[in-house]
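Asker: So here's data-v9.txt, just compact mmCIF, C-alpha atoms:
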# COMPACT_ATOMS: atom_id res chain seq x y z
CA MET S 1 0.00 0.00 0.00
CA THR S 2 1.33 3.43 -0.96
CA VAL S 3 1.73 5.87 1.95
CA ARG S 4 0.96 9.50 1.15
CA LEU S 5 3.70 11.85 2.37
CA ASP S 6 3.43 15.57 3.06
CA GLU S 7 6.25 18.11 3.02
CA VAL S 8 7.12 17.52 6.69
CA ASP S 9 7.38 13.76 6.13
CA ARG S 10 9.65 14.27 3.13
CA ARG S 11 11.93 16.70 4.94
CA ILE S 12 12.25 14.33 7.91
CA ILE S 13 13.17 11.46 5.60
CA TYR S 14 15.73 13.66 3.81
CA ALA S 15 17.37 14.64 7.13
CA LEU S 16 17.56 11.02 8.29
CA MET S 17 18.99 9.86 4.95
CA GLU S 18 21.58 12.64 5.13
CA ASP S 19 22.89 11.68 8.60
CA ALA S 20 20.62 9.66 10.89
CA ARG S 21 23.36 9.14 13.49
CA ASN S 22 23.99 12.83 14.18
CA THR S 23 20.48 14.17 13.55
CA SER S 24 18.07 14.54 16.47
CA ALA S 25 14.35 15.33 16.56
CA PRO S 26 15.01 18.83 17.99
CA MET S 27 17.49 19.58 15.18
CA ILE S 28 14.99 18.50 12.50
CA ALA S 29 12.18 20.37 14.29
CA GLU S 30 14.18 23.60 14.28
CA ASP S 31 14.74 23.38 10.52
CA LEU S 32 11.07 22.63 9.87
CA ASP S 33 9.65 25.09 12.42
CA VAL S 34 7.63 22.38 14.17
CA SER S 35 7.88 20.86 17.65
CA PRO S 36 10.28 17.98 18.46
CA GLY S 37 7.24 15.98 19.53
CA THR S 38 5.76 16.35 16.05
CA VAL S 39 8.98 15.05 14.50
CA ARG S 40 9.11 12.07 16.87
CA ASN S 41 5.46 11.21 16.15
CA ARG S 42 6.05 11.45 12.41
CA ILE S 43 9.12 9.21 12.60
CA GLU S 44 7.22 6.62 14.66
CA ARG S 45 4.36 6.67 12.12
CA LEU S 46 6.74 6.35 9.15
CA GLU S 47 8.46 3.41 10.85
CA ALA S 48 5.12 1.73 11.67
CA GLU S 49 3.90 2.15 8.09
CA GLY S 50 7.10 0.63 6.70
CA VAL S 51 8.34 3.78 4.93
CA ILE S 52 11.39 3.96 7.21
CA GLN S 53 12.63 0.38 7.37
CA GLY S 54 15.77 0.83 9.44
CA TYR S 55 19.01 2.71 10.00
CA THR S 56 22.23 1.25 8.62
CA ALA S 57 25.87 2.16 9.27
CA MET S 58 27.96 2.81 6.14
CA ILE S 59 31.18 0.81 6.55
CA ASP S 60 34.45 1.13 4.63
CA PHE S 61 35.36 -2.56 4.62
CA GLU S 62 38.74 -1.94 3.00
CA ARG S 63 39.73 0.03 6.10
CA ALA S 64 38.18 -2.61 8.35
CA ASP S 65 41.06 -5.13 8.35
CA GLY S 66 41.45 -4.89 4.57
CA ARG S 67 38.31 -6.88 3.79
CA LEU S 68 37.04 -7.32 0.24
CA MET S 69 33.56 -6.42 -0.97
CA ALA S 70 32.06 -7.98 -4.09
CA ILE S 71 28.82 -7.71 -6.03
CA TYR S 72 27.29 -10.73 -7.75
CA MET S 73 24.87 -9.96 -10.59
CA CYS S 74 22.57 -12.95 -10.85
CA THR S 75 19.59 -14.24 -12.76
CA VAL S 76 16.80 -16.18 -11.06
CA PRO S 77 13.32 -17.36 -12.14
CA ALA S 78 10.78 -14.56 -11.68
CA ALA S 79 8.51 -16.74 -9.55
CA ASP S 80 11.37 -17.50 -7.13
CA ARG S 81 12.89 -14.03 -6.75
CA GLU S 82 11.69 -13.28 -3.23
CA ARG S 83 12.42 -16.77 -1.91
CA LEU S 84 15.92 -16.88 -3.39
CA ALA S 85 16.64 -13.33 -2.20
CA LEU S 86 15.88 -14.38 1.38
CA SER S 87 18.02 -17.51 0.97
CA ALA S 88 20.92 -15.48 -0.42
CA ARG S 89 20.69 -13.01 2.46
CA ALA S 90 21.13 -15.89 4.92
CA ILE S 91 24.57 -16.81 3.50
CA PRO S 92 27.35 -15.71 5.92
CA GLY S 93 29.13 -12.69 4.46
CA VAL S 94 26.18 -11.38 2.44
CA ILE S 95 25.26 -7.85 3.57
CA ASP S 96 22.85 -6.63 0.90
CA VAL S 97 20.44 -8.22 -1.58
CA ARG S 98 18.43 -6.31 -4.17
CA VAL S 99 15.63 -7.69 -6.31
CA LEU S 100 15.11 -6.00 -9.70
CA MET S 101 12.05 -6.09 -11.93
CA ALA S 102 13.99 -7.42 -14.89
CA GLY S 103 14.35 -10.56 -16.97
CA ARG S 104 18.10 -10.97 -16.53
CA ARG S 105 20.46 -9.93 -13.75
CA ASP S 106 17.40 -9.45 -11.58
CA LEU S 107 19.16 -10.26 -8.30
CA HIS S 108 22.15 -8.28 -7.03
CA VAL S 109 24.02 -9.67 -4.04
CA VAL S 110 26.69 -7.70 -2.14
CA ALA S 111 29.04 -9.66 0.12
CA VAL S 112 32.14 -9.08 2.23
CA GLY S 113 35.01 -11.53 2.75
CA GLU S 114 38.43 -11.62 4.33
CA SER S 115 39.96 -13.04 1.14
CA THR S 116 39.17 -14.03 -2.43
CA GLU S 117 38.63 -17.57 -1.15
CA ASP S 118 35.86 -16.23 1.09
CA LEU S 119 34.22 -14.61 -1.93
CA ARG S 120 34.53 -17.84 -3.93
CA ARG S 121 32.82 -19.69 -1.07
CA ILE S 122 29.93 -17.24 -1.20
CA ALA S 123 29.71 -17.70 -4.97
CA ARG S 124 29.52 -21.46 -4.50
CA LYS S 125 26.75 -21.08 -1.92
CA LEU S 126 24.77 -18.90 -4.32
CA SER S 127 25.19 -21.46 -7.09
CA GLU S 128 23.98 -24.22 -4.77
CA LEU S 129 20.73 -22.28 -4.41
CA ASP S 130 20.23 -22.49 -8.21
CA ILE S 131 21.10 -18.80 -8.50
CA ARG S 132 22.91 -18.23 -11.80
CA ILE S 133 25.79 -15.76 -11.39
CA GLU S 134 26.09 -13.71 -14.59
CA ASP S 135 28.93 -11.49 -13.45
CA GLU S 136 31.04 -10.84 -10.37
CA GLU S 137 33.07 -7.72 -9.55
CA LEU S 138 35.02 -6.37 -6.61
CA LEU S 139 33.48 -3.17 -5.27
CA GLN S 140 35.74 -0.24 -4.57
CA THR S 141 33.29 2.33 -3.23
CA ARG S 142 29.65 2.58 -2.19
CA LEU S 143 28.00 5.99 -2.47
CA HIS S 144 25.02 7.26 -0.53
CA SER S 145 23.14 10.55 -0.65
CA PRO S 146 19.68 11.71 0.44
CA TYR S 147 16.90 11.85 -2.15
CA GLY S 148 17.03 15.43 -3.49
CA PRO S 149 13.29 16.06 -4.11
CA PHE S 150 12.58 15.40 -0.40
CA GLY S 151 14.90 18.25 0.65
CA ALA S 152 14.23 21.94 1.13
CA GLY S 153 14.41 24.44 -1.75
CA GLU S 154 18.16 24.62 -2.20
CA ASP S 155 18.66 21.02 -1.04
CA ALA S 156 16.17 19.86 -3.67
CA LYS S 157 17.98 21.86 -6.35
CA THR S 158 21.54 20.78 -5.61
CA ALA S 159 22.28 17.99 -3.15
CA GLU S 160 25.49 17.91 -1.13
CA ALA S 161 28.43 16.34 -2.92
CA VAL S 162 29.71 12.96 -1.72
CA THR S 163 33.46 12.54 -1.99
CA MET S 164 34.88 9.49 -3.79
CA GLY S 165 38.64 9.53 -4.33
CA HIS S 166 39.41 12.35 -6.78
CA THR S 167 35.76 12.86 -7.73
CA GLU S 168 32.55 13.97 -6.06
CA LEU S 169 29.05 12.70 -6.67
CA THR S 170 26.78 15.71 -7.14
CA GLU S 171 23.10 16.08 -8.00
CA VAL S 172 21.86 19.07 -9.99
CA THR S 173 18.28 19.89 -10.94
CA ILE S 174 17.79 21.22 -14.47
CA THR S 175 15.72 24.42 -14.44
CA ASP S 176 13.71 25.95 -17.30
CA ASP S 177 16.53 28.38 -18.08
CA SER S 178 19.43 25.95 -17.76
CA THR S 179 21.82 26.16 -20.73
CA VAL S 180 21.62 22.41 -21.33
CA VAL S 181 17.82 22.18 -21.74
CA GLY S 182 17.13 20.37 -25.02
CA MET S 183 20.76 19.39 -25.46
CA SER S 184 21.81 15.74 -25.52
CA ILE S 185 24.74 14.44 -23.48
CA GLU S 186 26.62 14.09 -26.77
CA ASP S 187 25.88 17.77 -27.58
CA VAL S 188 27.13 18.83 -24.15
CA LYS S 189 30.33 16.83 -24.59
CA ARG S 190 30.83 18.32 -28.07
CA GLU S 191 30.55 21.81 -26.59
CA ARG S 192 33.22 20.78 -24.05
CA MET S 193 30.81 21.43 -21.17
CA LEU S 194 31.45 18.08 -19.45
CA GLU S 195 35.24 17.74 -19.60
CA ASP S 196 35.54 17.43 -15.83
CA ALA S 197 32.24 15.68 -15.12
CA ALA S 198 30.35 12.56 -16.18
CA VAL S 199 26.60 11.98 -16.09
CA ILE S 200 25.75 8.89 -14.01
CA SER S 201 21.95 8.91 -13.96
CA ILE S 202 18.88 11.10 -14.44
CA GLN S 203 15.74 11.11 -12.32
CA ARG S 204 12.75 12.20 -14.43
CA ASP S 205 9.11 12.17 -13.31
CA GLY S 206 9.96 9.86 -10.44
CA LYS S 207 11.77 7.35 -12.65
CA LEU S 208 15.50 6.64 -12.83
CA ILE S 209 16.99 6.83 -16.33
CA GLN S 210 20.32 5.28 -17.27
CA PRO S 211 21.35 7.87 -19.87
CA THR S 212 23.02 7.37 -23.24
CA ASP S 213 24.82 9.96 -25.35
CA GLY S 214 21.50 10.62 -27.12
CA THR S 215 19.59 11.41 -23.91
CA ALA S 216 18.46 15.06 -23.87
CA PHE S 217 18.12 17.12 -20.72
CA GLU S 218 14.65 18.34 -19.74
CA PRO S 219 13.50 20.89 -17.12
CA GLY S 220 12.99 19.14 -13.78
CA ASP S 221 15.59 16.45 -14.45
CA ILE S 222 17.69 15.58 -11.39
CA VAL S 223 21.10 14.78 -12.84
CA ALA S 224 23.70 12.80 -10.85
CA LEU S 225 27.27 13.52 -11.95
CA HIS S 226 30.78 12.51 -10.98
CA VAL S 227 32.77 15.75 -10.86
CA GLU S 228 36.55 16.10 -10.74
CA ARG S 229 37.46 17.67 -7.40
CA GLU S 230 40.43 19.51 -8.90
CA ALA S 231 38.57 20.93 -11.93
CA SER S 232 40.02 24.33 -12.87
CA ASP S 233 36.66 25.73 -14.03
CA ASP S 234 33.12 25.19 -12.77
CA PRO S 235 32.13 21.95 -14.55
CA LEU S 236 28.44 22.55 -13.73
CA ALA S 237 28.20 26.07 -15.13
CA GLY S 238 26.11 24.92 -18.09
CA PHE S 239 23.55 23.31 -15.79
CA GLU S 240 22.69 26.58 -14.02
Kindly present the structure from the file in structure tokens form.
Answerer:
Amino acid sequence: MTVRLDEVDRRIIYALMEDARNTSAPMIAEDLDVSPGTVRNRIERLEAEGVIQGYTAMIDFERADGRLMAIYMCTVPAADRERLALSARAIPGVIDVRVLMAGRRDLHVVAVGESTEDLRRIARKLSELDIRIEDEELLQTRLHSPYGPFGAGEDAKTAEAVTMGHTELTEVTITDDSTVVGMSIEDVKRERMLEDAAVISIQRDGKLIQPTDGTAFEPGDIVALHVEREASDDPLAGFE
């Protein structure tokens, strides 16, 4: 069942996604100009209705004793997706399982091991469940950011950047007067407007688009980009 959210609900969710550990009800209440009790009641209701499903620590496993993190992209029968997802989650070392509405590679499993042998063991366990592994890759970095449209005015327009090595993940909302409106990604590259940035995804009308060079920017698009931290010029100038 879909739960209808109002602006206060959305802003609370945004604040918790941004930093649940260091965000308190009074802090959120001050930003929203409501009482802390209102925030606590809203959070309890969102938890009870299953909108907020939990709070998870983001761990750098490479720093944690040099552990390895891998993602297995798997294909399973549509009728068995939920059952096999629960079975995969029960394998020691598996920390995340995602079910996709797709014909192939519809199950993504993220696991952590102390060695490549650990990861091979997990792969064998998945195969024993009749889960077909299509591809397997070591993960270097996991990125997390709050959902921009649930933020306040400026937060909804441009989300905070998340650092990843020499790049930052940034979200920018395309406005009616943005230079890139109507231009494709290929056009923008040709005009040398994306030399220090790369488009990762586009959120449009509530749907996530995996863009190609032919994808054109539209007003209201929320564009996720990897931006070079040491860029000499403003790589997002054309998006303003």
Asker: To one decimal in Å, tell me the separation between CA of Met73 in chain S and CA of Arg121 in chain S.
Answerer: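 A separation of 15.8 Å between them.
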Asker: Tell me, in Å to one decimal, how far CA of Val8 in chain S is from CA of Phe150 in chain S.
Answerer: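 According to the coordinates, CA of Val8 in chain S and CA of Phe150 in chain S are separated by 9.2 Å.
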Asker: Dump as a PyMOL selection string all residues having an atom at most 12 Å from (14.7, 17.0, -16.4), computed in the file's coordinates with all atoms listed in the file.
Answerer: chain S and resi 157+171-178+180-184+201-209+211+215-224+239
Asker: Let me see the file: selected residues, C-alpha atoms, as a PDB file, in the frame of the given file.
Answerer:
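Writing the result to part14.pdb gives the following:
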ATOM      1  CA  LYS S 157      17.980  21.860  -6.350  1.00  0.00           C
ATOM      2  CA  GLU S 171      23.100  16.080  -8.000  1.00  0.00           C
ATOM      3  CA  VAL S 172      21.860  19.070  -9.990  1.00  0.00           C
ATOM      4  CA  THR S 173      18.280  19.890 -10.940  1.00  0.00           C
ATOM      5  CA  ILE S 174      17.790  21.220 -14.470  1.00  0.00           C
ATOM      6  CA  THR S 175      15.720  24.420 -14.440  1.00  0.00           C
ATOM      7  CA  ASP S 176      13.710  25.950 -17.300  1.00  0.00           C
ATOM      8  CA  ASP S 177      16.530  28.380 -18.080  1.00  0.00           C
ATOM      9  CA  SER S 178      19.430  25.950 -17.760  1.00  0.00           C
ATOM     10  CA  VAL S 180      21.620  22.410 -21.330  1.00  0.00           C
ATOM     11  CA  VAL S 181      17.820  22.180 -21.740  1.00  0.00           C
ATOM     12  CA  GLY S 182      17.130  20.370 -25.020  1.00  0.00           C
ATOM     13  CA  MET S 183      20.760  19.390 -25.460  1.00  0.00           C
ATOM     14  CA  SER S 184      21.810  15.740 -25.520  1.00  0.00           C
ATOM     15  CA  SER S 201      21.950   8.910 -13.960  1.00  0.00           C
ATOM     16  CA  ILE S 202      18.880  11.100 -14.440  1.00  0.00           C
ATOM     17  CA  GLN S 203      15.740  11.110 -12.320  1.00  0.00           C
ATOM     18  CA  ARG S 204      12.750  12.200 -14.430  1.00  0.00           C
ATOM     19  CA  ASP S 205       9.110  12.170 -13.310  1.00  0.00           C
ATOM     20  CA  GLY S 206       9.960   9.860 -10.440  1.00  0.00           C
ATOM     21  CA  LYS S 207      11.770   7.350 -12.650  1.00  0.00           C
ATOM     22  CA  LEU S 208      15.500   6.640 -12.830  1.00  0.00           C
ATOM     23  CA  ILE S 209      16.990   6.830 -16.330  1.00  0.00           C
ATOM     24  CA  PRO S 211      21.350   7.870 -19.870  1.00  0.00           C
ATOM     25  CA  THR S 215      19.590  11.410 -23.910  1.00  0.00           C
ATOM     26  CA  ALA S 216      18.460  15.060 -23.870  1.00  0.00           C
ATOM     27  CA  PHE S 217      18.120  17.120 -20.720  1.00  0.00           C
ATOM     28  CA  GLU S 218      14.650  18.340 -19.740  1.00  0.00           C
ATOM     29  CA  PRO S 219      13.500  20.890 -17.120  1.00  0.00           C
ATOM     30  CA  GLY S 220      12.990  19.140 -13.780  1.00  0.00           C
ATOM     31  CA  ASP S 221      15.590  16.450 -14.450  1.00  0.00           C
ATOM     32  CA  ILE S 222      17.690  15.580 -11.390  1.00  0.00           C
ATOM     33  CA  VAL S 223      21.100  14.780 -12.840  1.00  0.00           C
ATOM     34  CA  ALA S 224      23.700  12.800 -10.850  1.00  0.00           C
ATOM     35  CA  PHE S 239      23.550  23.310 -15.790  1.00  0.00           C
TER      36      PHE S 239
END
Asker: What separation in Å, quoted to one decimal, exists between CA of Ala29 in chain S and CA of Leu46 in chain S?
Answerer: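 Straight-line distance from CA of Ala29 in chain S to CA of Leu46 in chain S works out to 15.9 Å.
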Asker: With distances taken over all atoms listed in the file, which of S:Ala123, S:Leu139, S:Ile133, S:Ala152 is nearest to Asp31 in chain S?
Answerer: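 Looking at the shortest contact to Asp31 in chain S, the residue is S:Ala152.
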Asker: Show me, as a ChimeraX atom specification, the residues that have an atom within 12 Å of range 105-108 of chain S when counting only C-alpha atoms, minus same-chain residues fewer than 3 positions from it.
Answerer: /S:70-89,94-102,111,126,131-137
Asker: Counting all atoms listed in the file, write as number ranges by chain all protein and nucleic acid residues lying at most 12 Å from (10.6, 22.1, 12.1) in the file's frame.
Answerer: S: 7-12, 15, 24-40, 42, 152
Asker: Considering only C-alpha atoms, can you say which of S:Asp130, S:Val3, S:Asn22, S:Gln140 comes closest to Asp60 in chain S?
Answerer: S:Gln140
